[in-house]
Amino acid sequence: MERGYWIRSKPLYDSLVWRQQATGHMVIAKGEGGIAVLKLFQQMCPREPIKLLFTDEGTAPKKYADIIKTLVPEGLQVLESEQAVLAALREQLPDCLMGTQFYVAGTEAFIWAVLDELKKYGVQDRNVEKELSGTLARSVYCVHCKTIDKDVHYNIHQCSGCQRHLFVRDHFSRRLGAYMGVMVDAEIPGDIPAKEEIYP
Amino acid sequence: MSTTLNVIVKDVEQVTEVVKHFTFVQENGEALPRFSGGSHVVVSMNINGRIHRNPYSLMGSTANTDSYHISVRKQENSRGGSVFMHEQVESGSKLQITYPVNLFAISKMGRRHILIAGGIGITPFMSQISDLNRLGFDYELHYAYRSPEHAAFREQLEEMCGDRVHFYIDSEGSRLDLNGLMSNQPLGTHVYTCGPEPMVKAVHLTGKTLGWPDNHVHSEEFTAPPIGDQFTVELLQSGIEVTVPGDMSMLEAMEEAGAEPPFLCRGGACGRCELEVVSCDGVIMHNDHYLSDHEKAEGRSIMPCVSRAKCSKLVVNL
């Protein structure tokens with residue numbers, strides 16, 4: 001892994017914290033993001049109305065929906081899949097007003113799928129609270145054949161589209177929600193370093 | 001240095017008791033450079049041998065490059081730029097202006113745009129509206145002014161905006177309810193404001209209180225350099241010492257002394273003229289809208305276009 005320099009496009013994630021100035025709050029989470037939701041609801045809750053869309057779908061070893069139900073009496077919708085969460089979000093966004101604060105937690109792919117829906121309503125990703133939960137797995141965009149592979153755990157990844165071995169870079173596309181993957185043996189064909197699991 | 005355009009005043013129109021409208025064409029007869037809605041130009045004026053440069057918003061249609069249009073409100077108790085425009089500039093006068101610069105553009109990411117103007121602050125919106133109409137964007141204009149005699153451009157706005165424009169006339173007791181307006185807007189709305197400082201501050205404060213992201217609240221305020229005490233500036237790199245008289249800005253004094261400091265808006269908005277302060281044996285009087293309160297308190301930078309110092313000597317890294 002490269003150290004000591006700063007890729008501006010690489011997103012930074014934080015812990016979810018309620019925003020003080022708001023007209024409403026909407027929390028959207030998946031799988032291990034349930035932990036982030038529980039941490040959020042352990043903080044003093046804001047007075048404005050809160051909506052929460054949650055799904056347990058994913059590889060999380062623990063299910064959080066039942067615990068969340070005991071903590072969040074109103075505004076909670078537990079859904080069966082990521083697709084159902086995104087569909088519920090699409091349904092509710094037209095009625096949201098400026099001043100609604102958004103909080104997203106889950107895998108990176110889930111976070112950027114939600115942000116893509118928000119963007120259609122003019123909500124910019126920098127104004128959304130984001131917490132990365134559960135895994136560091138990356139979506140990788142092959143710069144050669146434009147295939148996007150999800151759930152990549154290794155620094156070297158063989159593209160499912162063109163079979164090239166790609167080096168997974170830190171350069172991130174907000175439009176695609178994926179990191180750039182560049183052919184690793186372009187200089188010396190066949191010279192492929194051993195892959196390391198650095199995105200567990 | 002900014003490149004300048006030589007223009008001739010083609011027409012002057014008295015819009016209200018205190019506002020005049022000027023039409024400029026290029027002296028060489030060529031078309032003027034294209035510009036985007038919200039742009040301004042800096043007009044140079046030679047007042048008794050001293051060069052004054054004031055920023056004014058371009059208010060014509062962005063589709064029109066035959067002529068530029070600005071409007072100037074006559075400011076009493078000012079350093080004389082607006083008075084010069086009102087009293088000395090007439091049809092046929094020659095002036096120098098900078099190329100247009102835009103510090104107040106419409107956010108193309110926005111889904112709805114609320115424009116809030118107070119008084120002469122209407123001018124940047126005139127060109128923004130021509131952009132909004134061309135792009136087919138959803139917008140509303142809220143225009144507040146003192147009394148019916150001050151209703152500059154009302155008819156033109158009614159024609160351009162139809163039912164998207166709302167007027168608020170102070171003398172008739174009609175007031176804009178900012179909180180009501182801003183608390184009921186859909187996601188993706190941007191607000192833009194230009195006008196007196198209390199109005200601009202109120203829009204920012206209302207946005208903050210309602211949880212609007214900072215980058216959805218846009219404003220433009222040009223400040224005229226305030227009058228102050230005389231002080232001396234030392235330019236460290238060029239070794240020049242400049243005396244800044246009380247009625248001249250630090251930027252103007254440096255230019256008059258032959259230095260070529262960078263500048264763009266000359267109204268404390270853009271940050272282009274920022275200079276590093278090496279030392280100051282007094283207090284810096286910050287008048288810009290660019291530096292944060294924290295940076296102003298630190299005193300390591302100064303915007304010489306509008307800010308000055310209450311000291312005997314200020315040393316800057318130029």
# chains A, B, ... in the order shown; residues from 1 in each chain; ligands from 1

$ closest_atom_pairs --of "chain B" --to "chain A" --cutoff "10 Å" --atoms "only C-alpha atoms" --output "CSV"
residue,atom,partner,partner_atom,distance
B:Lys108,CA,A:Gly122,CA,9.7
B:Met109,CA,A:Gly122,CA,6.1
B:Gly110,CA,A:Gly122,CA,5.6
B:Arg111,CA,A:Gly122,CA,6.0
B:Arg112,CA,A:Gly122,CA,9.0
B:Met182,CA,A:Met98,CA,7.9
B:Ser183,CA,A:Met98,CA,7.1
B:Asn184,CA,A:Leu97,CA,6.3
B:Gln185,CA,A:Leu97,CA,5.5
B:Pro186,CA,A:Leu97,CA,4.4
B:Leu187,CA,A:Met98,CA,4.8
B:Gly188,CA,A:Gly122,CA,3.9
B:Thr189,CA,A:Met98,CA,6.9
B:His190,CA,A:Met98,CA,9.2
B:Gly207,CA,A:Gly99,CA,8.2
B:Lys208,CA,A:Gln21,CA,6.9
B:Thr209,CA,A:Gln21,CA,5.5
B:Leu210,CA,A:Ala22,CA,5.3
B:Gly211,CA,A:Ala22,CA,4.2
B:Trp212,CA,A:Gly99,CA,4.9
B:Pro213,CA,A:Asn127,CA,6.5
B:Asp214,CA,A:Asn127,CA,9.0
B:Asn215,CA,A:Asn127,CA,8.8
B:His216,CA,A:Met98,CA,9.6

$ write_last_selection --atoms "C-alpha atoms" --output "short mmCIF file (atom, residue, chain, number, x, y, z; two decimals), in the first residue's frame"
data_model
loop_
_atom_site.label_atom_id
_atom_site.label_comp_id
_atom_site.auth_asym_id
_atom_site.auth_seq_id
_atom_site.Cartn_x
_atom_site.Cartn_y
_atom_site.Cartn_z
CA LYS B 108 -26.19 24.00 -11.92
CA MET B 109 -26.61 21.19 -9.35
CA GLY B 110 -29.64 22.95 -7.87
CA ARG B 111 -33.22 21.86 -8.55
CA ARG B 112 -34.83 25.12 -7.49
CA MET B 182 -36.99 29.16 3.54
CA SER B 183 -38.64 26.62 5.87
CA ASN B 184 -40.85 25.28 3.13
CA GLN B 185 -38.55 24.51 0.19
CA PRO B 186 -37.96 21.11 -1.42
CA LEU B 187 -34.59 19.32 -1.34
CA GLY B 188 -32.02 20.70 -3.75
CA THR B 189 -33.10 24.34 -3.36
CA HIS B 190 -30.43 27.05 -3.48
CA GLY B 207 -30.37 29.07 6.45
CA LYS B 208 -28.13 28.03 9.32
CA THR B 209 -30.99 27.83 11.81
CA LEU B 210 -33.09 25.71 9.46
CA GLY B 211 -30.20 23.33 8.74
CA TRP B 212 -29.50 24.40 5.14
CA PRO B 213 -26.00 23.36 4.05
CA ASP B 214 -23.68 26.40 3.72
CA ASN B 215 -23.08 25.67 0.06
CA HIS B 216 -26.79 26.12 -0.73
#

$ select_by_dssp --residues "stretch 29-181 of chain A" --states "strand (DSSP E)" --output "ChimeraX atom specification"
/A:29-30,50-55,76-79,100-106,129-132,138-142,148-152,156-158,165-173,178-181

$ write_last_selection --atoms "C-alpha atoms" --output "JSON list (two decimals), in the first residue's frame"
[["chain", "number", "residue", "atom", "x", "y", "z"],
["A", 29, "ALA", "CA", -28.67, 1.90, 7.02],
["A", 30, "LYS", "CA", -27.92, -1.65, 6.03],
["A", 50, "ILE", "CA", -36.83, 11.21, 12.54],
["A", 51, "LYS", "CA", -37.30, 8.62, 9.81],
["A", 52, "LEU", "CA", -35.24, 5.43, 9.66],
["A", 53, "LEU", "CA", -34.99, 2.98, 6.75],
["A", 54, "PHE", "CA", -33.17, -0.22, 7.67],
["A", 55, "THR", "CA", -32.43, -3.61, 6.16],
["A", 76, "LEU", "CA", -38.95, 3.16, 11.46],
["A", 77, "GLN", "CA", -39.35, 1.03, 8.35],
["A", 78, "VAL", "CA", -37.58, -2.34, 8.37],
["A", 79, "LEU", "CA", -37.25, -3.61, 4.80],
["A", 100, "THR", "CA", -33.65, 17.52, 6.30],
["A", 101, "GLN", "CA", -30.40, 15.97, 7.50],
["A", 102, "PHE", "CA", -29.30, 12.64, 6.03],
["A", 103, "TYR", "CA", -27.30, 9.91, 7.81],
["A", 104, "VAL", "CA", -26.11, 6.80, 5.94],
["A", 105, "ALA", "CA", -24.35, 3.70, 7.34],
["A", 106, "GLY", "CA", -23.33, 0.42, 5.77],
["A", 129, "GLU", "CA", -23.25, 12.14, 7.38],
["A", 130, "LYS", "CA", -21.65, 8.82, 6.41],
["A", 131, "GLU", "CA", -20.34, 5.90, 8.49],
["A", 132, "LEU", "CA", -18.56, 2.96, 6.89],
["A", 138, "ARG", "CA", -14.31, -1.84, -2.54],
["A", 139, "SER", "CA", -16.17, -1.53, -5.81],
["A", 140, "VAL", "CA", -13.54, -1.39, -8.56],
["A", 141, "TYR", "CA", -13.97, 0.24, -11.95],
["A", 142, "CYS", "CA", -11.76, -1.24, -14.66],
["A", 148, "ILE", "CA", -17.42, -2.50, -12.18],
["A", 149, "ASP", "CA", -16.74, -5.42, -9.81],
["A", 150, "LYS", "CA", -18.21, -5.24, -6.31],
["A", 151, "ASP", "CA", -16.88, -6.64, -2.99],
["A", 152, "VAL", "CA", -13.19, -6.56, -3.87],
["A", 156, "ILE", "CA", -4.75, -6.90, -7.00],
["A", 157, "HIS", "CA", -8.01, -7.93, -8.64],
["A", 158, "GLN", "CA", -8.69, -9.83, -11.84],
["A", 165, "HIS", "CA", -5.10, -8.02, -13.40],
["A", 166, "LEU", "CA", -5.85, -4.61, -11.91],
["A", 167, "PHE", "CA", -4.10, -2.65, -9.21],
["A", 168, "VAL", "CA", -6.82, -1.14, -7.00],
["A", 169, "ARG", "CA", -6.07, 2.54, -6.54],
["A", 170, "ASP", "CA", -7.34, 5.09, -3.97],
["A", 171, "HIS", "CA", -8.75, 7.32, -6.73],
["A", 172, "PHE", "CA", -12.51, 7.27, -6.25],
["A", 173, "SER", "CA", -15.33, 8.26, -8.60],
["A", 178, "ALA", "CA", -16.05, 2.91, -7.31],
["A", 179, "TYR", "CA", -12.25, 3.01, -7.09],
["A", 180, "MET", "CA", -10.10, 3.06, -10.20],
["A", 181, "GLY", "CA", -8.47, -0.25, -11.19]]

$ closest_residue --among "A:Ser81, A:Ser133, A:Leu115, A:Val143" --to "A:Ser15" --atoms "only C-alpha atoms"
A:Ser133

$ select_by_dssp --residues "chain A" --states "helix (DSSP H, G or I)" --output "NGL selection string"
:A and (33-42 or 65-71 or 82-95 or 108-119 or 125-127)

$ write_last_selection --atoms "C-alpha atoms" --output "PDB file, in the first residue's frame"
ATOM      1  CA  GLY A  33     -24.637  -0.196   9.670  1.00  0.00           C
ATOM      2  CA  GLY A  34     -27.132  -1.264  12.364  1.00  0.00           C
ATOM      3  CA  ILE A  35     -24.357  -0.725  14.925  1.00  0.00           C
ATOM      4  CA  ALA A  36     -23.906   2.855  13.697  1.00  0.00           C
ATOM      5  CA  VAL A  37     -27.691   3.360  14.052  1.00  0.00           C
ATOM      6  CA  LEU A  38     -27.653   2.000  17.622  1.00  0.00           C
ATOM      7  CA  LYS A  39     -24.744   4.305  18.500  1.00  0.00           C
ATOM      8  CA  LEU A  40     -26.641   7.233  16.976  1.00  0.00           C
ATOM      9  CA  PHE A  41     -29.766   6.501  19.025  1.00  0.00           C
ATOM     10  CA  GLN A  42     -27.684   6.314  22.200  1.00  0.00           C
ATOM     11  CA  ALA A  65     -33.609  -5.049  13.165  1.00  0.00           C
ATOM     12  CA  ASP A  66     -35.153  -6.455  16.364  1.00  0.00           C
ATOM     13  CA  ILE A  67     -32.895  -4.370  18.641  1.00  0.00           C
ATOM     14  CA  ILE A  68     -33.499  -1.250  16.552  1.00  0.00           C
ATOM     15  CA  LYS A  69     -37.292  -1.793  16.827  1.00  0.00           C
ATOM     16  CA  THR A  70     -37.087  -1.601  20.615  1.00  0.00           C
ATOM     17  CA  LEU A  71     -35.156   1.702  20.461  1.00  0.00           C
ATOM     18  CA  GLU A  82     -31.172  -2.932  -0.153  1.00  0.00           C
ATOM     19  CA  GLN A  83     -33.360  -2.523  -3.237  1.00  0.00           C
ATOM     20  CA  ALA A  84     -36.445  -2.129  -1.017  1.00  0.00           C
ATOM     21  CA  VAL A  85     -34.621   0.525   1.054  1.00  0.00           C
ATOM     22  CA  LEU A  86     -33.686   2.466  -2.084  1.00  0.00           C
ATOM     23  CA  ALA A  87     -37.270   2.186  -3.384  1.00  0.00           C
ATOM     24  CA  ALA A  88     -38.673   3.482  -0.056  1.00  0.00           C
ATOM     25  CA  LEU A  89     -36.149   6.346  -0.152  1.00  0.00           C
ATOM     26  CA  ARG A  90     -37.186   7.282  -3.716  1.00  0.00           C
ATOM     27  CA  GLU A  91     -40.778   7.396  -2.545  1.00  0.00           C
ATOM     28  CA  GLN A  92     -40.068   9.702   0.401  1.00  0.00           C
ATOM     29  CA  LEU A  93     -37.527  12.147  -1.085  1.00  0.00           C
ATOM     30  CA  PRO A  94     -40.057  14.247  -3.041  1.00  0.00           C
ATOM     31  CA  ASP A  95     -41.745  15.212   0.260  1.00  0.00           C
ATOM     32  CA  GLU A 108     -19.210   1.593   0.892  1.00  0.00           C
ATOM     33  CA  ALA A 109     -21.248   0.273  -2.044  1.00  0.00           C
ATOM     34  CA  PHE A 110     -24.480   0.805  -0.079  1.00  0.00           C
ATOM     35  CA  ILE A 111     -23.470   4.320   1.029  1.00  0.00           C
ATOM     36  CA  TRP A 112     -22.830   5.390  -2.571  1.00  0.00           C
ATOM     37  CA  ALA A 113     -26.009   3.739  -3.857  1.00  0.00           C
ATOM     38  CA  VAL A 114     -27.935   5.890  -1.341  1.00  0.00           C
ATOM     39  CA  LEU A 115     -25.931   9.011  -2.229  1.00  0.00           C
ATOM     40  CA  ASP A 116     -26.754   8.413  -5.897  1.00  0.00           C
ATOM     41  CA  GLU A 117     -30.483   8.573  -5.078  1.00  0.00           C
ATOM     42  CA  LEU A 118     -29.950  11.708  -2.954  1.00  0.00           C
ATOM     43  CA  LYS A 119     -27.997  13.392  -5.733  1.00  0.00           C
ATOM     44  CA  ASP A 125     -22.600  13.953  -0.801  1.00  0.00           C
ATOM     45  CA  ARG A 126     -20.478  16.378   1.239  1.00  0.00           C
ATOM     46  CA  ASN A 127     -23.606  17.430   3.125  1.00  0.00           C
TER      47      ASN A 127
END

$ residues_around --residues "B:Gly268" --least-positions-apart "3" --cutoff "7 Å" --atoms "only C-alpha atoms" --output "VMD selection string"
chain B and resid 222 to 223 271 288 to 290 303 305 to 306
